[in-house]
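In what follows, a structure is listed as structure tokens, so that the remarks can point back to it.
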Amino acid sequence: MKQMIKLVSKYIFYGISLGCTSFVLMCLSFHLFGGEAFLAMIFEEFARQSIGAMVIGIACGGTAIIYQFDKPSAMVKTIIHFSVGMVVFYPTAISLGWIPFHPDQIIYTVLQFLGSCGIFMIIWLCFYLFNRNEAKMINERLKELNRSSNP
């Protein structure tokens with residue numbers, strides 16, 4: 001039980017750091033590329049905006065803990081991770097004004113949602129490829145160690 005609490009805490013803090021880092025990079029890009037109006041809106045409600053970034057970070061990064069369990073298939077794990085991330089991200093982003101919501105322009109809103117899903121998928125794919133490469137390197141090293149210990 002103690003080990004599980006440590007693991008959950010690790011993933012929560014990992015998610016918070018992911019959310020904070022993404023938030024800082026987003027603000028930096030607005031500063032560098034002329035998004036001063038959007039940046040001003042963020043700074044007016046800095047505490048609320050920061051907490052929102054951390055909540056989204058926990059939802060996206062923290063729920064990655066599901067990949068530590070054996071039972072659900074990789075596809076089910078991905079669907080759960082994606083669903084939790086989107087269910088938290090999209091309403092939070094709308095409530096914080098990151099994504100404008102126009103009820104009278106439903107097509108625009110759907111396109112925003114699809115764009116958000118696309119960004120999430122790209123980020124997920126980058127993490128997946130990185131971890132797959134790490135697993136290959138670890139497996140190769142284990143094979144080398146096994147060969148050298150069994151002549």
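Scheme for the structure tokens: letters A, B, ... for chains in order shown; per-chain residue numbers from 1; ligand numbers from 1 in order shown.
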With 12 Å as the cut-off and only C-alpha atoms counted, what is the closest atom pair between each nearby residue of segment 93-151 of chain A and segment 20-33 of chain A? Distances in Å to one decimal, ordered by chain and number, as JSON lines.
```
{"residue": "A:Ala93", "atom": "CA", "partner": "A:Phe23", "partner_atom": "CA", "distance": 11.8}
{"residue": "A:Trp98", "atom": "CA", "partner": "A:Met26", "partner_atom": "CA", "distance": 10.6}
{"residue": "A:Ile123", "atom": "CA", "partner": "A:Ser22", "partner_atom": "CA", "distance": 11.5}
```
Could you please take those selected residues and save C-alpha atoms as a short mmCIF file (atom, residue, chain, number, x, y, z; two decimals), in the first residue's frame?
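Wrote it out as out.cif, contents follow:
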```
data_model
loop_
_atom_site.label_atom_id
_atom_site.label_comp_id
_atom_site.auth_asym_id
_atom_site.auth_seq_id
_atom_site.Cartn_x
_atom_site.Cartn_y
_atom_site.Cartn_z
CA ALA A 93 -9.65 25.08 -21.38
CA TRP A 98 -7.94 29.12 -23.71
CA ILE A 123 2.07 14.24 -27.54
#
```
Could you pull the residues within 12 Å of Met4 of chain A, counting only C-alpha atoms, minus those fewer than 3 positions along the same chain, as an mmCIF file with C-alpha atoms, in the first residue's frame?
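This is the output file result05.cif:
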```cif
data_model
loop_
_atom_site.group_PDB
_atom_site.id
_atom_site.type_symbol
_atom_site.label_atom_id
_atom_site.label_comp_id
_atom_site.auth_asym_id
_atom_site.auth_seq_id
_atom_site.Cartn_x
_atom_site.Cartn_y
_atom_site.Cartn_z
ATOM 1 C CA MET A 1 0.000 0.000 0.000
ATOM 2 C CA LEU A 7 3.711 5.668 -7.115
ATOM 3 C CA VAL A 8 0.472 7.683 -7.247
ATOM 4 C CA SER A 9 2.225 10.681 -5.662
ATOM 5 C CA LYS A 10 5.028 10.412 -8.207
ATOM 6 C CA TYR A 11 2.581 10.484 -11.105
ATOM 7 C CA ILE A 65 -0.078 5.581 -14.053
ATOM 8 C CA GLN A 68 1.960 0.535 -14.785
ATOM 9 C CA PHE A 69 -0.780 -2.090 -14.423
#
```
Distance query Gly62 of chain A at most 6 Å, only C-alpha atoms, self and fewer than 4 positions along chain excluded, as a list in words
Tyr11, Ile12, Gly15 and Ile58 of chain A
Residue with the minimum atom-to-atom distance to Thr78 of chain A, picked from A:Leu111, A:Ile94, A:Met121, A:Val55 with only C-alpha atoms counted, is A:Met121
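When only C-alpha atoms are used to compute distances to Phe120 of chain A, the closest of the residues A:Ile138, A:Met54, A:Cys60, A:Ile79 turns out to be A:Cys60.
With only C-alpha atoms as the atoms that count, the residue of A:Ile80, A:Met86, A:Leu96, A:Ala40 with the shortest distance to Gly118 of chain A is A:Met86.
Put simply, atom CA of Phe127 of chain A is 20.0 Å away from atom CA of Glu140 of chain A.
For the pair atom CA of Gly115 of chain A and atom CA of Ala74 of chain A, the separation is 23.6 Å.
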Open item on the list: Among chain A, which ones does DSSP assign to alpha helix (DSSP H) (computed from the backbone)? Answer as a VMD selection string.
Closed with: chain A and resid 2 to 32 36 to 44 46 to 61 74 to 95 106 to 149
Within 8 Å of Val84 of chain A, counting only C-alpha atoms, which residues show up once you throw out same-chain ones fewer than 3 positions away? Write them as JSON, numbers by chain, please. {"A": [59, 60, 63, 80, 81, 87, 88]}
Can those selected residues be exported to a file as a short mmCIF file (atom, residue, chain, number, x, y, z; two decimals), in the first residue's frame so that it contains N, CA and C atoms?
```
data_model
loop_
_atom_site.label_atom_id
_atom_site.label_comp_id
_atom_site.auth_asym_id
_atom_site.auth_seq_id
_atom_site.Cartn_x
_atom_site.Cartn_y
_atom_site.Cartn_z
N ALA A 59 -4.43 15.43 -14.90
CA ALA A 59 -5.34 14.58 -15.68
C ALA A 59 -4.60 13.88 -16.82
N CYS A 60 -3.69 14.57 -17.46
CA CYS A 60 -2.98 13.98 -18.60
C CYS A 60 -1.75 13.19 -18.18
N THR A 63 -2.64 10.43 -14.99
CA THR A 63 -3.37 9.21 -15.35
C THR A 63 -2.51 8.24 -16.15
N ILE A 80 -8.57 4.94 -21.90
CA ILE A 80 -8.82 5.53 -20.59
C ILE A 80 -8.00 6.80 -20.41
N HIS A 81 -6.72 6.71 -20.72
CA HIS A 81 -5.82 7.86 -20.58
C HIS A 81 -6.31 9.03 -21.43
N VAL A 87 -11.66 14.75 -21.11
CA VAL A 87 -12.79 15.14 -20.27
C VAL A 87 -12.37 16.27 -19.32
N VAL A 88 -11.15 16.27 -18.88
CA VAL A 88 -10.67 17.33 -18.00
C VAL A 88 -10.17 18.53 -18.81
#
```
